[in-house]
Amino acid sequence: MADLLIELFSEEIPARMQSRARDDLKKLVTDGLVTAGLTYASAGAFSTPRRLTLTVQGLTAESPTLREERKGPRTDAPQAALDGFLRSTGLTRDQLTVRDDKKAQVYYAVIEKPGRKSPAIIAEVLEATIRNFPWPKSMRWGTGSLRWVRPLHSILCLLTDEGGAEVVPMSVDGITAGNTTEGHRFLAPGRFPVSSFDDYTRKLKSSKVMLDPAERAAHIWHDATTAAFAQGLEVVEDPALLTEVAGLVEWPVVLMGPIGTDFLGLPAEVLQTSMREHQKFFSVRNPATGRIEKFVTVANNEAADHGATILAGNGKVLSARLSDARFFWDNDLRRVKAEGMEGLAAGLASVTFHNELGSQADRITRIAALAREIAPLVGASPDLAAEAARVAKADLQSAMVGEFPELQGTMGTYYARAAGLSESVALACKAHYQPLGPSDDVPTDPVSVAVALADKLDTLTGFWGIYEKPTGSKDPYALRRAALGVIRLVLMNGAKFNAASIIEHGFALHESRDVSLEYQEDDKKRAELLSGLGLEAHSFEARHELLNKVSTSISHLYPSYKRKQKQHSSSEFWLRSDGSDAREGATGTYSLFDLDVKDLLAFFHDRLKVFLKDEGIRHDVIDACLAMPGNDDLTLVVARARALQATLKTDDGTNLLQGFKRANNILTQAEQKDGVEYSYGADVKFAETDAERALFAALDTADAIILPAMAAEDFAAAMSAMAALRAPIDDFFSATQVNSDNPVIRRNRLNLLHRIRAICGQVADLTKIDG
């Protein structure tokens with residue numbers, strides 16, 4: 001067994017590319033070695049700004065000899081067939097063997113591929129890896145044809161075993177592999193030989209190079225936190241910045257410096273973002289005041305003056321950057337105080353959100369209308385919710401967010417406070433974007449909840465209405481994330497409301513914009529239509545009524561209806577303009593939005609299953625609850641599912657399920673056979689056995705508990721009462737034959753089974769449960 005050491009030494013590799021490059025190098029080389037027949041015990045990849053390194057431990061010395069038998073044509077086959085077989089095997093006719101095969105004799109080729117020594121295989125694999133390395137961006141230099149992320153200077157390729165170390169002979173574009181590497185560019189220049197991976201890491205460390213990026217990151221964090229603690233301060237955690245900085249240096253030297261007093265009044269987020277984005281500095285916070293007062297920079301050099309010159313230079317550059325940030329801050333505050341937050345947001349009318357969904361200003365109008373409707377359902381003031389929606393995105397027009405887009409929402413909170421708006425409105429400016437992912441915080445302030453729900457529902461209904469739905473792995477508008485955000489907002493805040501009506505309102509707001517656009521060039525015609533309805537021209541109710549009550553050509557009134565017609569075949573699209581069902585024999589009347597509402601609600605249900613899967617709630621349990629009325633109340637569905645899951649984990653619950661399914665199967669078969677429905681009420685006077693009478697009594701008791709429990713949404717009590725039916729049902733089936741010879745007794749017992757199905761069906765649709 002041997003150990004392989006590879007180093008690809010180049011100019012500085014961008015920090016953001018190093019992690020993927022390590023993984024790619026390890027995968028490409030190890031996969032190539034295994035494909036060629038070599039095996040190994042372990043492998044590890046490392047990187048610094050100037051090198052990619054791979055070590056492979058326990059590599060076999062050569063690939064095994066392979067023997068392959070290949071069946072050819074019959075001996076009496078045409079000569080052309082034999083010639084083709086010989087070409088494919090590389091053999092001559094004399095080297096073939098003849099064997100009996102069923103009714104004829106057949107040629108066989110025995111091909112032996114001798115094993116190859118590992119150095120030859122390594123050279124081939126490494127050259128292919130270098131020439132085909134998947135850099136996101138690469139370059140050529142000089143007169144060669146090789147492409148690399150930065151000019152490649154040297155290749156170290158060393159194979160070490162008990163007999164010593166040998167260089168693997170190979171050359172790529174004029175670069176010949178050797179056994180030497182370089183230390184730190186400034187602190188230990190010059191090349192030196194190595195004999196193994198341990199020797200390599202030891203000599204690099206003595207040459208001021210930390211090979212392992214995890215070691216560099218740990219060293220940076222330790223020194224930074226120690227320096228801050230010594231002055232009663234703390235370093236603001238930033239894992240992404242730590243990883244990036246660890247990829248910028250080979251020998252990290254931590255230095256801490258002050259921020260100019262002129263900039264200490266800037267918001268902490270502004271200071272942190274400016275220093276991180278422009279200078280790659282860590283922020284150092286005073287835990288007593290929360291202010292960012294100092295910065296930490298990481299040098300790649302040990303200076304004679306202990307970093308004083310480096311800090312002075314960095315301080316000057318930082319002051320220039322923070323001067324820009326302070327200008328943005330002061331300018332934005334002047335605008336807010338002069339124009340107010342809604343004045344700041346006025347420019348959003350010229351910012352397109354989506355070419356089919358209007359401008360950001362159009363979107364804000366819709367969000368405000370939705371937030372006003374949602375507010376009472378989550379305990380918020382409708383007026384405050386609408387105000388918060390109108391100003392929540394105002395900071396998108398600020399100079400600060402223009403420079404640092406990641407501060408959207410955060411700056412809105414500061415500007416809303418400066419404008420004298422209520423704290424609930426200010427908090428909603430940032431919180432309405434949340435939650436941004438499955439681990440992000442969920443807002444709890446009622447106003448923030450209302451605006452966050454409105455924001456996400458407007459996104460969903462808008463893109464749903466123009467048929468930009470997620471497909472497979474593609475979700476360009478993050479609609480799955482938006483739906484999960486709605487689910488988490490509803491569940492974490494215990495909000496209870498019928499989502500279908502809110503979703504329909506969202507669709508109506510988008511359609512009302514289409515109608516407004518349709519008629520904005522003919523105000524007289526629009527005014528006549530509205531006058532006939534007795535509605536104000538610009539109210540939501542007016543536009544909603546235009547969509548649902550005006551009798552006219554639907555393709556003229558509803559531009560998005562034309563899009564729907566393109567998406568559905570004539571056999572699928574059955575909704576007339578007056579809301580009636582166009583299918584043969586149908587009599588129902590539907591809202592224009594029913595198709596989209598049902599489709600989007602089903603999407604929510606799918607996302608809910610994914611969300612509850614992490615809680616361990618089975619998909620069939622969720623299906624059983626979704627089949628019940630009120631399935632658009634997500635809080636209700638989840639409470640029911642949790643209670644049902646808990647019940648089914650008990651012995652009574654499991655056995656009751658079996659009893660229910662037995663009763664349902666017997667009843668279903670009888671109804672299909674007899675062509676009638678047994679739901680006319682069972683009578684205890686026809687009961688013949690004690691078990692039968694006990695079941696009547698148990699059902700009466702359960703019904704008396706379950707009905708009020710369901711009305712009060714006390715699912716635990718309802719499930720407990722249902723589980724208590726387990727013993728009476730078991731006794732009934734043990735002592736009673738349902739299909740009695742007496743037709744009256746049989747009918748009564750089938751009606752009794754219907755009572756079991758009906759009472760259990762009040763809690764959940766148990767037919768959906770597996771098992």
# chains A, B, ... in the order shown; residues from 1 in each chain; ligands from 1
>>> select_by_dssp(residues="segment 287-416 of chain A", states="strand (DSSP E)", output="JSON, numbers by chain")
{"A": [292, 293, 294, 295, 296, 297, 298, 299, 352, 353, 354, 358, 359]}
>>> residues_around(residues="Thr35 of chain A", least_positions_apart="2", cutoff="12 Å", atoms="only C-alpha atoms", output="list in words")
Lys27, Leu28, Val29, Thr30, Asp31, Gly32, Leu33, Gly37, Leu38, Thr39, Tyr40, Ser63, Pro64, Ile121, Ile122, Glu124 and Val125 of chain A
>>> write_last_selection(atoms="all heavy atoms", output="CSV table (one decimal), in the first residue's frame")
chain,number,residue,atom,x,y,z
A,27,LYS,N,-13.1,14.3,-5.7
A,27,LYS,CA,-14.0,13.4,-6.5
A,27,LYS,C,-13.4,13.0,-7.8
A,27,LYS,O,-13.4,11.8,-8.1
A,27,LYS,CB,-15.3,14.1,-6.7
A,27,LYS,CG,-16.3,13.3,-7.5
A,27,LYS,CD,-17.6,14.0,-7.6
A,27,LYS,CE,-18.6,13.3,-8.6
A,27,LYS,NZ,-18.8,11.9,-8.1
A,28,LEU,N,-12.8,13.9,-8.5
A,28,LEU,CA,-12.3,13.6,-9.9
A,28,LEU,C,-11.1,12.6,-9.8
A,28,LEU,O,-11.1,11.6,-10.6
A,28,LEU,CB,-11.9,14.8,-10.6
A,28,LEU,CG,-13.0,15.8,-11.0
A,28,LEU,CD1,-12.4,17.1,-11.5
A,28,LEU,CD2,-13.8,15.1,-12.1
A,29,VAL,N,-10.2,12.8,-8.8
A,29,VAL,CA,-9.1,11.9,-8.8
A,29,VAL,C,-9.5,10.6,-8.2
A,29,VAL,O,-9.1,9.5,-8.8
A,29,VAL,CB,-8.0,12.6,-7.9
A,29,VAL,CG1,-6.8,11.6,-7.6
A,29,VAL,CG2,-7.4,13.8,-8.6
A,30,THR,N,-10.2,10.5,-7.1
A,30,THR,CA,-10.5,9.2,-6.5
A,30,THR,C,-11.4,8.4,-7.4
A,30,THR,O,-11.3,7.2,-7.5
A,30,THR,CB,-11.2,9.4,-5.1
A,30,THR,OG1,-12.3,10.3,-5.2
A,30,THR,CG2,-10.2,10.0,-4.1
A,31,ASP,N,-12.4,9.1,-8.1
A,31,ASP,CA,-13.3,8.4,-9.0
A,31,ASP,C,-12.5,7.8,-10.2
A,31,ASP,O,-12.7,6.7,-10.6
A,31,ASP,CB,-14.4,9.3,-9.5
A,31,ASP,CG,-15.5,9.6,-8.5
A,31,ASP,OD1,-15.4,9.0,-7.4
A,31,ASP,OD2,-16.4,10.3,-8.8
A,32,GLY,N,-11.5,8.6,-10.7
A,32,GLY,CA,-10.6,8.1,-11.8
A,32,GLY,C,-9.8,6.9,-11.4
A,32,GLY,O,-9.6,6.0,-12.1
A,33,LEU,N,-9.2,7.0,-10.1
A,33,LEU,CA,-8.4,5.8,-9.7
A,33,LEU,C,-9.2,4.6,-9.5
A,33,LEU,O,-8.8,3.5,-9.9
A,33,LEU,CB,-7.8,6.2,-8.3
A,33,LEU,CG,-6.8,7.4,-8.4
A,33,LEU,CD1,-6.3,7.7,-7.0
A,33,LEU,CD2,-5.6,7.1,-9.3
A,37,GLY,N,-9.3,0.7,-11.6
A,37,GLY,CA,-9.0,-0.5,-10.9
A,37,GLY,C,-8.2,-0.4,-9.6
A,37,GLY,O,-8.0,-1.4,-9.0
A,38,LEU,N,-7.9,0.8,-9.2
A,38,LEU,CA,-7.1,0.9,-7.9
A,38,LEU,C,-8.1,1.1,-6.8
A,38,LEU,O,-9.3,1.6,-7.0
A,38,LEU,CB,-6.2,2.1,-8.0
A,38,LEU,CG,-5.1,2.1,-9.0
A,38,LEU,CD1,-4.2,3.3,-9.0
A,38,LEU,CD2,-4.2,0.8,-8.9
A,39,THR,N,-7.7,0.8,-5.6
A,39,THR,CA,-8.6,1.1,-4.4
A,39,THR,C,-7.7,1.8,-3.4
A,39,THR,O,-6.5,1.9,-3.5
A,39,THR,CB,-9.0,-0.3,-3.8
A,39,THR,OG1,-7.9,-1.0,-3.3
A,39,THR,CG2,-9.9,-1.1,-4.7
A,40,TYR,N,-8.4,2.5,-2.4
A,40,TYR,CA,-7.7,3.3,-1.4
A,40,TYR,C,-8.5,3.2,-0.1
A,40,TYR,O,-9.7,2.8,-0.1
A,40,TYR,CB,-7.6,4.7,-1.9
A,40,TYR,CG,-8.9,5.5,-2.0
A,40,TYR,CD1,-9.3,6.3,-1.0
A,40,TYR,CD2,-9.6,5.3,-3.2
A,40,TYR,CE1,-10.5,7.0,-1.2
A,40,TYR,CE2,-10.8,6.0,-3.4
A,40,TYR,CZ,-11.3,6.8,-2.4
A,40,TYR,OH,-12.5,7.5,-2.5
A,63,SER,N,-3.4,-2.1,-10.6
A,63,SER,CA,-4.7,-2.6,-10.9
A,63,SER,C,-4.7,-4.1,-11.2
A,63,SER,O,-3.7,-4.6,-11.6
A,63,SER,CB,-5.3,-1.8,-12.0
A,63,SER,OG,-4.6,-2.1,-13.2
A,64,PRO,N,-5.8,-4.8,-10.9
A,64,PRO,CA,-5.8,-6.3,-11.1
A,64,PRO,C,-5.9,-6.6,-12.6
A,64,PRO,O,-6.3,-5.8,-13.4
A,64,PRO,CB,-7.1,-6.7,-10.4
A,64,PRO,CG,-8.0,-5.5,-10.4
A,64,PRO,CD,-7.1,-4.3,-10.3
A,121,ILE,N,-1.3,5.0,-13.9
A,121,ILE,CA,-2.7,5.3,-13.8
A,121,ILE,C,-2.9,6.7,-13.2
A,121,ILE,O,-3.7,7.5,-13.6
A,121,ILE,CB,-3.4,4.3,-12.9
A,121,ILE,CG1,-3.4,2.9,-13.6
A,121,ILE,CG2,-4.9,4.7,-12.6
A,121,ILE,CD1,-4.0,1.8,-12.8
A,122,ILE,N,-2.1,7.0,-12.1
A,122,ILE,CA,-2.2,8.3,-11.5
A,122,ILE,C,-1.8,9.4,-12.5
A,122,ILE,O,-2.5,10.5,-12.5
A,122,ILE,CB,-1.2,8.4,-10.3
A,122,ILE,CG1,-1.6,7.4,-9.2
A,122,ILE,CG2,-1.1,9.8,-9.7
A,122,ILE,CD1,-0.6,7.2,-8.1
A,124,GLU,N,-2.3,9.5,-15.7
A,124,GLU,CA,-3.4,9.7,-16.6
A,124,GLU,C,-4.5,10.4,-15.9
A,124,GLU,O,-5.1,11.4,-16.5
A,124,GLU,CB,-3.9,8.3,-17.1
A,124,GLU,CG,-3.0,7.7,-18.2
A,124,GLU,CD,-3.6,6.4,-18.7
A,124,GLU,OE1,-4.7,6.1,-18.3
A,124,GLU,OE2,-2.9,5.7,-19.5
A,125,VAL,N,-4.9,9.9,-14.7
A,125,VAL,CA,-6.0,10.5,-14.0
A,125,VAL,C,-5.8,12.0,-13.7
A,125,VAL,O,-6.6,12.8,-13.8
A,125,VAL,CB,-6.3,9.7,-12.8
A,125,VAL,CG1,-7.3,10.4,-11.9
A,125,VAL,CG2,-6.8,8.3,-13.1
>>> atom_distance(atom1="atom CA of Gln645 of chain A", atom2="atom CA of Val763 of chain A")
12.1 Å
>>> closest_residue(among="A:Glu162, A:Asp731, A:Asp24, A:Asp383", to="Ser196 of chain A", atoms="only C-alpha atoms")
A:Glu162
>>> closest_residue(among="A:Pro435, A:Gly340, A:Gly164, A:Pro405", to="Ala419 of chain A", atoms="only C-alpha atoms")
A:Gly340
>>> atom_distance(atom1="atom CA of Asp730 of chain A", atom2="atom CA of Gly659 of chain A")
6.6 Å
>>> residues_around(residues="segment 45-53 of chain A", least_positions_apart="6", cutoff="10 Å", atoms="only C-alpha atoms", output="ChimeraX atom specification")
/A:5-15,17-19,21-27,150,152-157,181-185,197,209-214,216,246-251
>>> atom_distance(atom1="atom CA of Pro193 of chain A", atom2="atom CA of Glu166 of chain A")
11.9 Å
>>> closest_residue(among="A:Thr365, A:Thr736, A:Gln658, A:Ser171", to="Arg693 of chain A", atoms="only C-alpha atoms")
A:Thr736
>>> closest_residue(among="A:Ser145, A:Asn739, A:Thr444, A:Gln408", to="Val378 of chain A", atoms="only C-alpha atoms")
A:Thr444
>>> residues_around(residues="Glu677 of chain A", least_positions_apart="5", cutoff="10 Å", atoms="only C-alpha atoms", output="mmCIF file with N, CA, C and O atoms, in the first residue's frame")
data_model
loop_
_atom_site.group_PDB
_atom_site.id
_atom_site.type_symbol
_atom_site.label_atom_id
_atom_site.label_comp_id
_atom_site.auth_asym_id
_atom_site.auth_seq_id
_atom_site.Cartn_x
_atom_site.Cartn_y
_atom_site.Cartn_z
ATOM 1 N N LEU A 667 -70.373 -2.480 5.345
ATOM 2 C CA LEU A 667 -71.440 -1.567 4.963
ATOM 3 C C LEU A 667 -71.332 -1.183 3.491
ATOM 4 O O LEU A 667 -72.334 -1.160 2.764
ATOM 5 N N THR A 668 -70.151 -0.903 3.019
ATOM 6 C CA THR A 668 -69.954 -0.516 1.618
ATOM 7 C C THR A 668 -70.357 -1.644 0.683
ATOM 8 O O THR A 668 -71.039 -1.420 -0.335
ATOM 9 N N ALA A 670 -72.449 -4.078 1.295
ATOM 10 C CA ALA A 670 -73.903 -4.265 1.354
ATOM 11 C C ALA A 670 -74.620 -3.187 0.549
ATOM 12 O O ALA A 670 -75.602 -3.469 -0.158
ATOM 13 N N GLU A 671 -74.166 -1.947 0.636
ATOM 14 C CA GLU A 671 -74.808 -0.861 -0.112
ATOM 15 C C GLU A 671 -74.646 -1.059 -1.608
ATOM 16 O O GLU A 671 -75.570 -0.799 -2.384
ATOM 17 N N GLN A 672 -73.459 -1.518 -2.022
ATOM 18 C CA GLN A 672 -73.252 -1.777 -3.450
ATOM 19 C C GLN A 672 -74.108 -2.946 -3.926
ATOM 20 O O GLN A 672 -74.681 -2.916 -5.019
ATOM 21 N N LEU A 750 -76.963 -3.047 9.740
ATOM 22 C CA LEU A 750 -76.238 -2.242 8.756
ATOM 23 C C LEU A 750 -76.371 -0.757 9.057
ATOM 24 O O LEU A 750 -75.420 0.022 8.902
ATOM 25 N N ASN A 751 -77.573 -0.343 9.486
ATOM 26 C CA ASN A 751 -77.756 1.054 9.900
ATOM 27 C C ASN A 751 -76.910 1.367 11.130
ATOM 28 O O ASN A 751 -76.438 2.497 11.300
ATOM 29 N N HIS A 754 -73.560 2.070 9.978
ATOM 30 C CA HIS A 754 -73.515 3.435 9.447
ATOM 31 C C HIS A 754 -73.280 4.444 10.564
ATOM 32 O O HIS A 754 -72.570 5.439 10.377
#
